[in-house]
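Here the structure is laid out as structure tokens; the discussion comes afterwards.
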Number of protein chains: 2
Amino acid sequence: MKQLGTRPLSIRVTDPFWTKYFQVVKDVMLPFQWDILHDRASITIESEREDVNIPTEKSHVIENFKIAAGQKDGNHYGWLFQDSDLYKWIEAAANSYHLKPDGRLLLMMDQCVDLIEAAQDEDGYLSTFYQIEAPELKFRRLFQSHELYCAGHLIEAAVAYAKATGSHRLLDVAERFVTCIESSFGPEEGKINGADGHQEIELALVHWYEYTGDERYLSLSHYFLQIRGQDPDFYEKQWKENQARGLETGPAPIINLVYHQAHKPVYEQTEAQGHAVRLVYMAQAMAGTARHVGDEKLLAAAEALWHNIVEKRMYVTGGIGSTVRGEAFTFDYDLPTDLMYCETCAAIGLLNFTHELQQNENKVAYAEVMERILYNSMISGMSLDGKHFFYVNPLEVDPEASQKNPDKSHVKATRPSWFGCACCPPNLARTIPALHRYLYQENEEQNILYINQWVDSNYSSKEMKMTQKHDWNAQVSTFIIHNSKRRIFLRIPYWLEDVVVKVNGQEIEREITEGYLELNAVSAEVVIECSYQIPILKWQAHPNVKSSYGKVAFQRGPFIYTAEEADNGKDLHLFRVTGEAQVEPLTDPAFGTVTSLVVPAEKRRKTQIALYQLHQAPAFEPATLRLIPYYCWANREPGEMRVWLEDCEG
Amino acid sequence: MKQLGTRPLSIRVTDPFWTKYFQVVKDVMLPFQWDILHDRASITIESEREDVNIPTEKSHVIENFKIAAGQKDGNHYGWLFQDSDLYKWIEAAANSYHLKPDGRLLLMMDQCVDLIEAAQDEDGYLSTFYQIEAPELKFRRLFQSHELYCAGHLIEAAVAYAKATGSHRLLDVAERFVTCIESSFGPEEGKINGADGHQEIELALVHWYEYTGDERYLSLSHYFLQIRGQDPDFYEKQWKENQARGLETGPAPIINLVYHQAHKPVYEQTEAQGHAVRLVYMAQAMAGTARHVGDEKLLAAAEALWHNIVEKRMYVTGGIGSTVRGEAFTFDYDLPTDLMYCETCAAIGLLNFTHELQQNENKVAYAEVMERILYNSMISGMSLDGKHFFYVNPLEVDPEASQKNPDKSHVKATRPSWFGCACCPPNLARTIPALHRYLYQENEEQNILYINQWVDSNYSSKEMKMTQKHDWNAQVSTFIIHNSKRRIFLRIPYWLEDVVVKVNGQEIEREITEGYLELNAVSAEVVIECSYQIPILKWQAHPNVKSSYGKVAFQRGPFIYTAEEADNGKDLHLFRVTGEAQVEPLTDPAFGTVTSLVVPAEKRRKTQIALYQLHQAPAFEPATLRLIPYYCWANREPGEMRVWLEDCEG
């Protein structure tokens, strides 16, 4: 493989909101997670839901690699996919390093690479569980093995590491593994003709192709997508073959093909079904592979999935997954607010899937969904201190219910430090420092630069330079463009109003087409200044959404707001909104100063004693509700939380 | 044992509403269930919830007994407690036979008794699973074995069979089994000092004592109640002892002691926790045993449990159990209407528990709860044709959610014919023909007869004769009392208004004390005539009940009402009640003619297309809701159903 070297970043995020997060990733999350992976953090690992089989004793990730490498004796501990925690940590470290090189981080990453190299089998195979515990079952339990899933995360880490450091050492490991995979999988006689139960390698192969241009990776991704669901009995046959060879005892597993999106060819999957993370990882790969190979049918399926999700199966926070059982989608408009899953990883997956579609065709709807996820369901997955994480991001919490009703055992009122299945924390750590990816979109053919996200940043390419800077308090945003050879399409967010645009001091007629203002900024330097109001938006859900019927949810800027017990006392369900909300700064040691919303409301008097009594017109007393940005919730004492609030108008 | 002979019934129910059910039990349910137990019914057995371990291939109950009896070869099939299906069938047949002797039914029961006699071990032991599959584990897995649970149902069947037929053959079987149990259990060295994981034998022993007066049974019940939860490690120790003896391999089971109500002594259990059926079966035994042995502390605990249930954990239908996970109670006021369990058996258990308390001290609250269960959550457990049954009795159903959201897989929109765990259908069959038990309460000490339920019936004892007859259409009820040596306390139901009472044609001042009108009816014949209005009651739940906040539920007479899609179309959540309901007869082939309620309402217009849009005052169109009695629901085409309806006043 030719050494492609580092890829200098063409976009630098300078936004104080986000650079604080970058800092938390670098200074807190990476060392904290490093200690956990090495089993030397003093933390309690929690189950993400009530399930006695979840391994919560330790992480053991580094130990697993050491045992596989022959450096230690012992057994594998943790999930089959425990390796991916390390790969995601490396990717996170590489992304962070890419923003700002750091010798210590490089050393840590290189230690990991040494270990991974050492653990890899001669033939390129690498999956510590199977290497340590069940080598005879390598690639033979695909419905649950996660070997290719882990390979995918290895590839993503390797690409990030190469881009950031210029070193191809980890890509070489990945290359050996993929060679091993290529020799084992395919339609040819004697090979395994099927795909992993958990999609991931497909999207990683697309990234690898994008970095190297090597079409082998693209072909392999295309193959895995095309073979998926072609033979719905594939997994069962594999198990039976193992049984015939004496490799499996015990009862045959019940394989839910919909859970794995393996019930029919992906081309025919136009409804988001099954495990939410798997679905969006698959859909991301579908969109990316389709774009590069020109498979229009595949792209159409991906687009159909996206529309189904965002138009019928997405929470107002951008969260997805309506049930803990199978961590899955359910059906159109079924968005229970107190039972949902809304896994942090699923939000990140939808972000990346959407981004993949946007690279094919820029649309304001994509930018809006990405923004909704970034500012809400993604960062709600972590505490502001960077040491506590949500798996599930609920829209409504009653701590007593979480504790005492087992249907809600997964709906935690406080963020644990780590999980038995620790997919979410490193997923946040790798995604946050990659924020720059999601802000702009270039269309070379049409010579357009889309400014999709209003995030302080510098953009530089050979065609132009640009700086955007926002003063949200003053309600002024400035975009300074140098030497642009591009047409600029500036997204005017739907959450602004009374937008006045000045170009070099001159107010212009603003004509917004499909969410974008077109600017012909070809002169040497153009200063675009936007002034605006930031209104408080009050959402209502489609009447088919039973959980949110008659309720409203507030938004200001890109932030969805929520009510917490810390500000409002208990019984949030007894409030109903009566008037227009106002903005008020709120200062708290937990989150510094944020813009809160003060909402006129009334609160039902609780005079009833009996469990049931004859109906009387309810009595209300005047009240106010104070709302904070959703991402800030659960950073103070545990209590009730509620995004959708009763409204007096229904 | 001395032969105590049949017990002629002193109460004869003549009520057309209930005699129709008696007929269904006798003509339909008993033969239908007989065929199922013999594996010759053409039906599909369903899982009561999504769980691949539920045995749904066949019933195999008779086969299990035949195999245990050595009359056939083969393995046991079904749950550990499959035997109880037969015992409950016998009890149902005996109760039905008690109402009206029938040669064919006697023959069928006697066949069963022959088979059970043949299956019993020499030493009295009887539990076909352990006899066939694991004799070395007899009484050694008490947390899950259900051996004493089955013994309890055997006793209940035997007592019912003896009372109805005069034959003690089945009691002799029970006696041998109980002798075996007495020699195995107790505080003495070498005996097992603990109780069954599923309570039932305790309450059965009380019934046996009441029939025979033999205090041995009472002592054994008292022992099992007293030992429960005394040593929370009992079950685990038993398992470890088995393991040490090589009788258990596999991983140690996770035993949830709260589920079994074995986490602390029953005397200290004042909050309804854990598996709902177990709890109420236990509480019934506590109340009964306490009454007979004079254990006031035990009675106080039972009463505390009852108050906790009916004042904080009971649905408006009388159903109990808020979660499918553990089929359990959760916490005060946690009564979700679309996720609940409300198992038919739990309703029956609460009925019997309440009845037990009422025998200790007659209270109107007990009569009201029993009535609520009888007319609502109990009979909703069966279809009007007697061939389909609910395990779960929901307050709200959306068939699409039941099908597509696995959190609701237990909330069925149509009644299956039978279940993998078939506890509910024969429980209904045995309880319905025992209705007479719940109608009156005698207090010999105070020389009072309480008329608790307004059900057409004849009552006769050596102290008096009485006939009650109701003409609900004419709104007149007549109570004719002959030669009463008792003071009569007539319950005036809270669901009547403008009640005028005439004694021998003379209107009397009606002074109602704690729900009862006292009548001194000592003359030769007294005719009491009550005329009244039957208003439509509109309930609201305590504001802590989040699921029912702002909603209302309707009742008329003892019947809770519900809205079904068959009458109202889809989207029941979009209606809101606006005015006073009216009564209107409704005729349908599914249920003949019932009193329906027509409720003025408005229905939200569905103009919104987007999943989320900015809030607009909702637009409503005038509508009416037609409600039918809750017990009638799901007898027509499957559709939405909803008891708690939005109200315009909130």
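Every chain in the structure tokens takes a letter, A first, then B, and so on in the order presented; its residues are numbered from 1, and the ligands are numbered from 1 following the presented order.
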Q.
Just list as a VMD selection string whatever in region 183-278 of chain A DSSP marks as helix (DSSP H, G or I).
A. chain A and resid 183 to 184 201 to 212 215 to 227 234 to 244 266 to 268 276 to 278
Could you write those residues out with N, CA and C atoms, as a CSV table (one decimal), in the first residue's frame?
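That gives us part_2.csv:
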chain,number,residue,atom,x,y,z
A,183,SER,N,-10.5,-13.9,1.5
A,183,SER,CA,-10.2,-15.3,1.2
A,183,SER,C,-11.3,-16.2,1.8
A,184,SER,N,-12.0,-15.7,2.8
A,184,SER,CA,-13.0,-16.6,3.5
A,184,SER,C,-14.4,-16.3,3.0
A,201,ILE,N,-18.7,-3.3,9.0
A,201,ILE,CA,-17.5,-3.3,8.1
A,201,ILE,C,-17.8,-2.6,6.7
A,202,GLU,N,-19.1,-2.7,6.3
A,202,GLU,CA,-19.4,-2.1,5.0
A,202,GLU,C,-19.1,-0.6,5.0
A,203,LEU,N,-19.6,0.1,6.0
A,203,LEU,CA,-19.4,1.5,6.0
A,203,LEU,C,-17.9,1.9,6.2
A,204,ALA,N,-17.2,1.0,6.9
A,204,ALA,CA,-15.7,1.3,7.2
A,204,ALA,C,-15.0,1.1,5.9
A,205,LEU,N,-15.4,0.1,5.1
A,205,LEU,CA,-14.7,-0.2,3.8
A,205,LEU,C,-14.9,1.0,2.9
A,206,VAL,N,-16.1,1.7,2.9
A,206,VAL,CA,-16.3,2.9,2.1
A,206,VAL,C,-15.3,4.0,2.5
A,207,HIS,N,-15.1,4.1,3.8
A,207,HIS,CA,-14.2,5.2,4.3
A,207,HIS,C,-12.7,4.8,3.8
A,208,TRP,N,-12.4,3.6,3.9
A,208,TRP,CA,-11.1,3.1,3.5
A,208,TRP,C,-10.9,3.4,2.0
A,209,TYR,N,-11.9,3.1,1.2
A,209,TYR,CA,-11.9,3.4,-0.2
A,209,TYR,C,-11.7,4.9,-0.4
A,210,GLU,N,-12.4,5.7,0.3
A,210,GLU,CA,-12.3,7.1,0.1
A,210,GLU,C,-10.9,7.6,0.5
A,211,TYR,N,-10.3,7.0,1.4
A,211,TYR,CA,-8.9,7.4,1.8
A,211,TYR,C,-7.9,7.0,0.7
A,212,THR,N,-8.0,5.7,0.2
A,212,THR,CA,-7.0,5.2,-0.6
A,212,THR,C,-7.4,5.1,-2.1
A,215,GLU,N,-10.4,0.2,-5.1
A,215,GLU,CA,-11.8,-0.2,-5.3
A,215,GLU,C,-12.1,-1.6,-4.7
A,216,ARG,N,-11.0,-2.3,-4.3
A,216,ARG,CA,-11.2,-3.6,-3.6
A,216,ARG,C,-12.2,-3.4,-2.4
A,217,TYR,N,-11.9,-2.4,-1.7
A,217,TYR,CA,-12.7,-2.2,-0.4
A,217,TYR,C,-14.2,-1.9,-0.8
A,218,LEU,N,-14.3,-1.1,-1.8
A,218,LEU,CA,-15.7,-0.8,-2.3
A,218,LEU,C,-16.4,-2.0,-2.7
A,219,SER,N,-15.7,-2.9,-3.5
A,219,SER,CA,-16.3,-4.1,-4.0
A,219,SER,C,-16.7,-5.0,-2.8
A,220,LEU,N,-15.9,-5.1,-1.8
A,220,LEU,CA,-16.2,-5.9,-0.6
A,220,LEU,C,-17.4,-5.4,0.1
A,221,SER,N,-17.5,-4.1,0.3
A,221,SER,CA,-18.6,-3.5,0.9
A,221,SER,C,-19.9,-3.8,0.1
A,222,HIS,N,-19.8,-3.6,-1.2
A,222,HIS,CA,-20.9,-3.8,-2.1
A,222,HIS,C,-21.4,-5.3,-2.0
A,223,TYR,N,-20.4,-6.2,-1.9
A,223,TYR,CA,-20.7,-7.6,-1.8
A,223,TYR,C,-21.5,-7.9,-0.5
A,224,PHE,N,-21.0,-7.3,0.6
A,224,PHE,CA,-21.6,-7.6,1.9
A,224,PHE,C,-23.1,-7.0,1.9
A,225,LEU,N,-23.3,-5.9,1.3
A,225,LEU,CA,-24.6,-5.3,1.2
A,225,LEU,C,-25.5,-6.2,0.3
A,226,GLN,N,-24.9,-6.6,-0.8
A,226,GLN,CA,-25.7,-7.4,-1.8
A,226,GLN,C,-26.1,-8.7,-1.3
A,227,ILE,N,-25.2,-9.4,-0.5
A,227,ILE,CA,-25.5,-10.7,-0.1
A,227,ILE,C,-26.5,-10.8,1.1
A,234,PHE,N,-29.5,-18.3,5.8
A,234,PHE,CA,-28.0,-18.4,5.9
A,234,PHE,C,-27.5,-18.7,7.3
A,235,TYR,N,-27.9,-17.9,8.2
A,235,TYR,CA,-27.4,-18.0,9.6
A,235,TYR,C,-27.8,-19.4,10.2
A,236,GLU,N,-29.0,-19.8,10.0
A,236,GLU,CA,-29.5,-21.0,10.5
A,236,GLU,C,-28.7,-22.2,9.9
A,237,LYS,N,-28.5,-22.1,8.6
A,237,LYS,CA,-27.7,-23.2,7.9
A,237,LYS,C,-26.3,-23.2,8.5
A,238,GLN,N,-25.7,-22.1,8.8
A,238,GLN,CA,-24.3,-22.0,9.3
A,238,GLN,C,-24.3,-22.8,10.7
A,239,TRP,N,-25.4,-22.5,11.5
A,239,TRP,CA,-25.4,-23.1,12.8
A,239,TRP,C,-25.6,-24.6,12.7
A,240,LYS,N,-26.4,-25.0,11.7
A,240,LYS,CA,-26.7,-26.5,11.5
A,240,LYS,C,-25.4,-27.2,11.1
A,241,GLU,N,-24.7,-26.5,10.2
A,241,GLU,CA,-23.4,-27.1,9.7
A,241,GLU,C,-22.5,-27.3,10.9
A,242,ASN,N,-22.4,-26.3,11.7
A,242,ASN,CA,-21.6,-26.4,12.9
A,242,ASN,C,-22.0,-27.5,13.8
A,243,GLN,N,-23.3,-27.7,13.9
A,243,GLN,CA,-23.9,-28.7,14.8
A,243,GLN,C,-23.5,-30.1,14.2
A,244,ALA,N,-23.6,-30.2,12.9
A,244,ALA,CA,-23.3,-31.4,12.2
A,244,ALA,C,-21.8,-31.8,12.4
A,266,VAL,N,-31.3,-6.1,1.0
A,266,VAL,CA,-31.3,-4.7,1.4
A,266,VAL,C,-32.0,-3.7,0.4
A,267,TYR,N,-32.0,-4.1,-0.8
A,267,TYR,CA,-32.6,-3.3,-1.9
A,267,TYR,C,-34.1,-3.2,-1.6
A,268,GLU,N,-34.7,-4.2,-0.9
A,268,GLU,CA,-36.1,-4.2,-0.7
A,268,GLU,C,-36.5,-3.6,0.7
A,276,ALA,N,-31.8,-0.6,15.8
A,276,ALA,CA,-31.7,0.7,15.2
A,276,ALA,C,-30.2,1.0,14.8
A,277,VAL,N,-29.3,0.6,15.6
A,277,VAL,CA,-27.9,1.0,15.3
A,277,VAL,C,-27.5,0.2,14.0
A,278,ARG,N,-27.8,-1.1,14.0
A,278,ARG,CA,-27.5,-1.9,12.8
A,278,ARG,C,-28.1,-1.3,11.5
Write out as JSON lines a residue-level contact list of region 57-163 of chain B versus region 425-440 of chain B with cut-off 8 Å: for each qualifying residue the closest pair of atoms and the distance in Å to one decimal, counting only C-alpha atoms, rows sorted by chain and residue number upward.
{"residue": "B:Asp85", "atom": "CA", "partner": "B:Pro426", "partner_atom": "CA", "distance": 6.7}
{"residue": "B:Lys88", "atom": "CA", "partner": "B:Pro426", "partner_atom": "CA", "distance": 5.6}
{"residue": "B:Trp89", "atom": "CA", "partner": "B:Pro426", "partner_atom": "CA", "distance": 5.7}
{"residue": "B:Glu91", "atom": "CA", "partner": "B:Arg430", "partner_atom": "CA", "distance": 5.7}
{"residue": "B:Ala92", "atom": "CA", "partner": "B:Arg430", "partner_atom": "CA", "distance": 3.5}
{"residue": "B:Ala93", "atom": "CA", "partner": "B:Arg430", "partner_atom": "CA", "distance": 7.2}
{"residue": "B:Asn95", "atom": "CA", "partner": "B:Pro433", "partner_atom": "CA", "distance": 5.6}
{"residue": "B:Ser96", "atom": "CA", "partner": "B:Pro433", "partner_atom": "CA", "distance": 5.5}
{"residue": "B:Leu99", "atom": "CA", "partner": "B:Pro433", "partner_atom": "CA", "distance": 7.2}
Q: Could you give me, as a ChimeraX atom specification, the residues within 9 Å of Ile512 (chain A), counting only C-alpha atoms and dropping anything in the same chain fewer than 6 positions from it?
A: /A:491-492,518
What are the closest atom pairs, with distances in Å to one decimal, for all residues of chain A lying within 8 Å of chain B? Consider only C-alpha atoms, order rows by chain and residue number, and present the result as JSON lines.
{"residue": "A:Val310", "atom": "CA", "partner": "B:Leu611", "partner_atom": "CA", "distance": 8.0}
{"residue": "A:Glu311", "atom": "CA", "partner": "B:Leu611", "partner_atom": "CA", "distance": 5.6}
{"residue": "A:Lys312", "atom": "CA", "partner": "B:Leu611", "partner_atom": "CA", "distance": 6.1}
{"residue": "A:Val316", "atom": "CA", "partner": "B:Tyr612", "partner_atom": "CA", "distance": 7.3}
{"residue": "A:Thr323", "atom": "CA", "partner": "B:Asp407", "partner_atom": "CA", "distance": 6.8}
{"residue": "A:Val324", "atom": "CA", "partner": "B:Asp407", "partner_atom": "CA", "distance": 7.9}
{"residue": "A:Arg325", "atom": "CA", "partner": "B:Pro406", "partner_atom": "CA", "distance": 6.3}
{"residue": "A:Thr330", "atom": "CA", "partner": "B:Asn405", "partner_atom": "CA", "distance": 5.2}
{"residue": "A:Phe331", "atom": "CA", "partner": "B:Lys404", "partner_atom": "CA", "distance": 6.3}
{"residue": "A:Tyr333", "atom": "CA", "partner": "B:Leu611", "partner_atom": "CA", "distance": 7.8}
{"residue": "A:Asp334", "atom": "CA", "partner": "B:Ala401", "partner_atom": "CA", "distance": 7.7}
{"residue": "A:Ala401", "atom": "CA", "partner": "B:Asp334", "partner_atom": "CA", "distance": 7.7}
{"residue": "A:Lys404", "atom": "CA", "partner": "B:Thr330", "partner_atom": "CA", "distance": 5.7}
{"residue": "A:Asn405", "atom": "CA", "partner": "B:Thr330", "partner_atom": "CA", "distance": 5.2}
{"residue": "A:Pro406", "atom": "CA", "partner": "B:Arg325", "partner_atom": "CA", "distance": 6.3}
{"residue": "A:Asp407", "atom": "CA", "partner": "B:Arg325", "partner_atom": "CA", "distance": 6.8}
{"residue": "A:Leu537", "atom": "CA", "partner": "B:Leu614", "partner_atom": "CA", "distance": 6.8}
{"residue": "A:Lys538", "atom": "CA", "partner": "B:His615", "partner_atom": "CA", "distance": 5.6}
{"residue": "A:Trp539", "atom": "CA", "partner": "B:Leu614", "partner_atom": "CA", "distance": 4.5}
{"residue": "A:Gln540", "atom": "CA", "partner": "B:His615", "partner_atom": "CA", "distance": 5.1}
{"residue": "A:Ala541", "atom": "CA", "partner": "B:Tyr612", "partner_atom": "CA", "distance": 4.5}
{"residue": "A:His542", "atom": "CA", "partner": "B:Leu611", "partner_atom": "CA", "distance": 4.9}
{"residue": "A:Pro543", "atom": "CA", "partner": "B:Lys606", "partner_atom": "CA", "distance": 6.5}
{"residue": "A:Asn544", "atom": "CA", "partner": "B:Asp571", "partner_atom": "CA", "distance": 7.7}
{"residue": "A:Lys546", "atom": "CA", "partner": "B:His573", "partner_atom": "CA", "distance": 6.9}
{"residue": "A:Tyr549", "atom": "CA", "partner": "B:His573", "partner_atom": "CA", "distance": 7.9}
{"residue": "A:Val552", "atom": "CA", "partner": "B:His615", "partner_atom": "CA", "distance": 7.2}
{"residue": "A:Asp571", "atom": "CA", "partner": "B:Asn544", "partner_atom": "CA", "distance": 7.7}
{"residue": "A:His573", "atom": "CA", "partner": "B:Lys546", "partner_atom": "CA", "distance": 6.9}
{"residue": "A:Leu574", "atom": "CA", "partner": "B:Pro543", "partner_atom": "CA", "distance": 7.5}
{"residue": "A:Lys606", "atom": "CA", "partner": "B:Pro543", "partner_atom": "CA", "distance": 6.5}
{"residue": "A:Gln608", "atom": "CA", "partner": "B:His542", "partner_atom": "CA", "distance": 6.0}
{"residue": "A:Ile609", "atom": "CA", "partner": "B:His542", "partner_atom": "CA", "distance": 6.9}
{"residue": "A:Ala610", "atom": "CA", "partner": "B:His542", "partner_atom": "CA", "distance": 6.5}
{"residue": "A:Leu611", "atom": "CA", "partner": "B:His542", "partner_atom": "CA", "distance": 4.9}
{"residue": "A:Tyr612", "atom": "CA", "partner": "B:Ala541", "partner_atom": "CA", "distance": 4.5}
{"residue": "A:Gln613", "atom": "CA", "partner": "B:Trp539", "partner_atom": "CA", "distance": 5.5}
{"residue": "A:Leu614", "atom": "CA", "partner": "B:Trp539", "partner_atom": "CA", "distance": 4.5}
{"residue": "A:His615", "atom": "CA", "partner": "B:Gln540", "partner_atom": "CA", "distance": 5.1}
{"residue": "A:Gln616", "atom": "CA", "partner": "B:Gln540", "partner_atom": "CA", "distance": 7.9}
{"residue": "A:Ala617", "atom": "CA", "partner": "B:Glu649", "partner_atom": "CA", "distance": 6.0}
{"residue": "A:Pro618", "atom": "CA", "partner": "B:Gly650", "partner_atom": "CA", "distance": 6.6}
{"residue": "A:Glu649", "atom": "CA", "partner": "B:Ala617", "partner_atom": "CA", "distance": 6.0}
{"residue": "A:Gly650", "atom": "CA", "partner": "B:Pro618", "partner_atom": "CA", "distance": 6.6}
Output for the residues just chosen: C-alpha atoms as a compact mmCIF listing (two decimals), in the first residue's frame:
# COMPACT_ATOMS: atom_id res chain seq x y z
CA VAL A 310 -37.09 11.07 9.90
CA GLU A 311 -40.68 11.41 8.77
CA LYS A 312 -42.20 8.70 10.94
CA VAL A 316 -37.98 15.37 18.34
CA THR A 323 -38.12 -0.15 22.22
CA VAL A 324 -35.47 -1.72 24.42
CA ARG A 325 -36.48 -5.16 23.21
CA THR A 330 -41.18 -0.49 15.97
CA PHE A 331 -43.69 1.10 13.58
CA TYR A 333 -45.50 7.14 14.71
CA ASP A 334 -44.84 4.76 17.62
CA ALA A 401 -40.40 4.35 37.66
CA LYS A 404 -39.35 0.20 40.43
CA ASN A 405 -40.98 -0.62 37.12
CA PRO A 406 -38.78 -3.15 35.31
CA ASP A 407 -40.19 -2.08 31.95
CA LEU A 537 -40.35 27.41 18.79
CA LYS A 538 -43.17 25.30 20.15
CA TRP A 539 -43.52 21.95 18.42
CA GLN A 540 -46.41 19.59 18.26
CA ALA A 541 -46.18 16.02 17.10
CA HIS A 542 -48.30 14.36 14.46
CA PRO A 543 -51.63 13.31 16.03
CA ASN A 544 -50.74 9.68 15.38
CA LYS A 546 -50.06 8.89 20.93
CA TYR A 549 -50.85 13.95 21.82
CA VAL A 552 -45.76 20.66 23.11
CA ASP A 571 -45.01 16.09 39.14
CA HIS A 573 -47.07 15.92 34.26
CA LEU A 574 -49.34 18.20 36.29
CA LYS A 606 -53.50 17.68 44.09
CA GLN A 608 -57.71 14.10 45.44
CA ILE A 609 -57.05 11.39 48.00
CA ALA A 610 -58.87 8.39 46.61
CA LEU A 611 -57.34 6.39 43.77
CA TYR A 612 -60.56 6.98 41.81
CA GLN A 613 -63.16 9.63 42.45
CA LEU A 614 -66.07 11.05 40.52
CA HIS A 615 -64.92 13.59 38.00
CA GLN A 616 -64.63 17.20 39.01
CA ALA A 617 -63.34 20.03 36.86
CA PRO A 618 -59.67 20.21 37.78
CA GLU A 649 -54.83 24.18 24.15
CA GLY A 650 -54.08 20.52 23.58
Q | strand (DSSP E) call set, DSSP backbone run, region 459-645 of chain A, as a PyMOL selection string | A | chain A and resi 459-461+464-471+476-482+487-491+497-503+506-507+512-513+516-519+525-533+536-541+551-556+559-564+575-577+582-588+592-604+612-614+620-629+641-642+645
Q: For region 8-19 of chain A, list every protein, DNA or RNA residue within 7 Å, evaluated using only C-alpha atoms, and leave out those in the same chain fewer than 2 positions away; present the list as number ranges by chain.
A: A: 6, 21-23, 436, 455-461
(Q) Measuring between only C-alpha atoms, which one of A:Glu327, A:Glu580, A:Glu621, A:Asp121 shows the shortest distance to Cys345 (chain A)? (A)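 Checking each of A:Glu327, A:Glu580, A:Glu621, A:Asp121 against Cys345 (chain A), counting only C-alpha atoms, the winner is A:Glu327.
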Q | Å distance separating CA of Gln199 (chain B) from CA of Cys424 (chain B), one decimal place | A |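 Computed distance, CA of Gln199 (chain B) to CA of Cys424 (chain B), equals 16.1 Å.
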